[in-house]
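> Attaching a single structure in structure tokens format; questions to follow.
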Amino acid sequence: MQYTMFLLIMGVALILQTTVLDTVSVGGIKPDLVMLVVVLNGFLLGTREGAFLGFFGGILEDLLCGHYIGLNALSKMAAGYLAGAAGLRLYKENITVATGVTFLSTLGGMVVSYMLLLYLNIHVSPLSALFRVSIPTAVYNALLTPLVFGRIFRYIQIRSREM
């Protein structure tokens with residue numbers, strides 16, 4: 001994905017995530033659109049792109065609204081890399097596969113985030129973090145995957161034909 005287009009998509013996702021999505025939160029849980037964009041791009045473009053775009057999107061999120069600079073960058077980088085690794089081994093055109101990869105990669109990124117919080121001596125109950133935040137966010141992102149995946153997939157196909 002062109003980096004200017006990615007920057008624009010990340011900006012829109014970040015603005016939506018911090019403003020509008022507060023109204024659609026369910027039980028205080030809202031989707032992580034930055035993570036969703038990173039995971040889908042990583043899934044479609046590979047580990048290198050996924051990790052780079054994850055770090056870039058996460059650092060952008062950290063700089064604009066994060067308390068700990070680098071926390072989101074590292075967790076989204078891990079999620080992008082996981083999605084890219086899955087994309088190398090799985091059928092990319094199947095939306096069900098993309099939904100499963102989104103769920104697992106989001107969950108993996110959230111687990112990395114909580115592990116980093118523990119490293120910073122910020123104690124969060126692991127069961128609470130897993131069942132009240134990580135899994136619901138991963139489910140929310142997975143439910144949004146069919147709405148976003150087709151557009152990103154078509155854009156990448158068109159771009160690859162032009163090259």
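Each chain in the structure tokens gets a letter, A, B, ..., in the order shown, and its residues are numbered from 1; ligands are numbered from 1 in order too.
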Might you pull out every residue within 9 Å of stretch 115-125 of chain A, with only C-alpha atoms counted and same-chain residues fewer than 5 positions away left off, and present them as an mmCIF file with N, CA and C atoms, in the first residue's frame?


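For reference, selection04.cif as written:
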```cif
data_model
loop_
_atom_site.group_PDB
_atom_site.id
_atom_site.type_symbol
_atom_site.label_atom_id
_atom_site.label_comp_id
_atom_site.auth_asym_id
_atom_site.auth_seq_id
_atom_site.Cartn_x
_atom_site.Cartn_y
_atom_site.Cartn_z
ATOM 1 N N LEU A 71 4.254 1.692 23.379
ATOM 2 C CA LEU A 71 3.428 0.552 23.782
ATOM 3 C C LEU A 71 2.561 0.078 22.615
ATOM 4 N N LEU A 74 4.770 -1.247 19.562
ATOM 5 C CA LEU A 74 5.280 -2.617 19.658
ATOM 6 C C LEU A 74 4.161 -3.654 19.562
ATOM 7 N N SER A 75 3.021 -3.370 20.175
ATOM 8 C CA SER A 75 1.936 -4.352 20.128
ATOM 9 C C SER A 75 1.331 -4.449 18.727
ATOM 10 N N MET A 110 -2.925 -7.613 21.594
ATOM 11 C CA MET A 110 -3.401 -7.167 22.908
ATOM 12 C C MET A 110 -2.628 -7.871 24.027
ATOM 13 N N LEU A 130 -7.845 -10.359 29.731
ATOM 14 C CA LEU A 130 -8.149 -11.270 28.640
ATOM 15 C C LEU A 130 -9.645 -11.294 28.324
#
```

> Just list as a PyMOL selection string whatever in stretch 9-126 of chain A DSSP marks as alpha helix (DSSP H).

chain A and resi 9-18+33-45+47-65+71-89+95-119+126

> Could you pull the residues within 8 Å of A:Leu40, counting only C-alpha atoms, minus those fewer than 4 positions along the same chain, as a CSV table (one decimal) with C-alpha atoms, in the first residue's frame?


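Output (selection-v2.csv):
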```
chain,number,residue,atom,x,y,z
A,36,LEU,CA,-7.7,-3.7,12.1
A,44,LEU,CA,-2.3,-9.2,2.5
A,83,ALA,CA,-1.0,-11.4,10.4
A,98,ALA,CA,-9.2,-13.1,7.1
A,102,THR,CA,-7.9,-10.7,12.4
A,149,PHE,CA,-11.4,-6.5,3.9
A,152,ILE,CA,-8.4,-3.2,1.1
```

> Give me, as a PyMOL selection string, all polymer residues having an atom no more than 9 Å from stretch 10-24 of chain A, counting only C-alpha atoms and skipping those fewer than 3 positions away in the same chain.

chain A and resi 5-7+28-34+37-38+57+60-61+64-65

> Which is closer to A:Ala86 than all the others in A:Leu8, A:Val148, A:Leu45, A:Leu143, using only C-alpha atoms?

A:Leu45

> Atom CA of A:Ser113 to atom CA of A:Gly80: how many Å, to one decimal?

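So the two atoms, atom CA of A:Ser113 and atom CA of A:Gly80, lie 13.3 Å apart.
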
> Out of A:Phe43, A:Pro126, A:Tyr3, A:Phe103, which residue has the shortest atom-to-atom distance to A:Tyr91 when counting only C-alpha atoms?

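Checking each candidate against A:Tyr91, we get A:Phe43 as the closest.
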
> With a distance cut-off of 6 Å and only C-alpha atoms, select the neighbouring residues of stretch 46-53 of chain A, excluding the residue or stretch itself and same-chain residues fewer than 2 positions from it, and output the selection as a ChimeraX atom specification.

/A:42-43,55-57,77,80-81,84-85
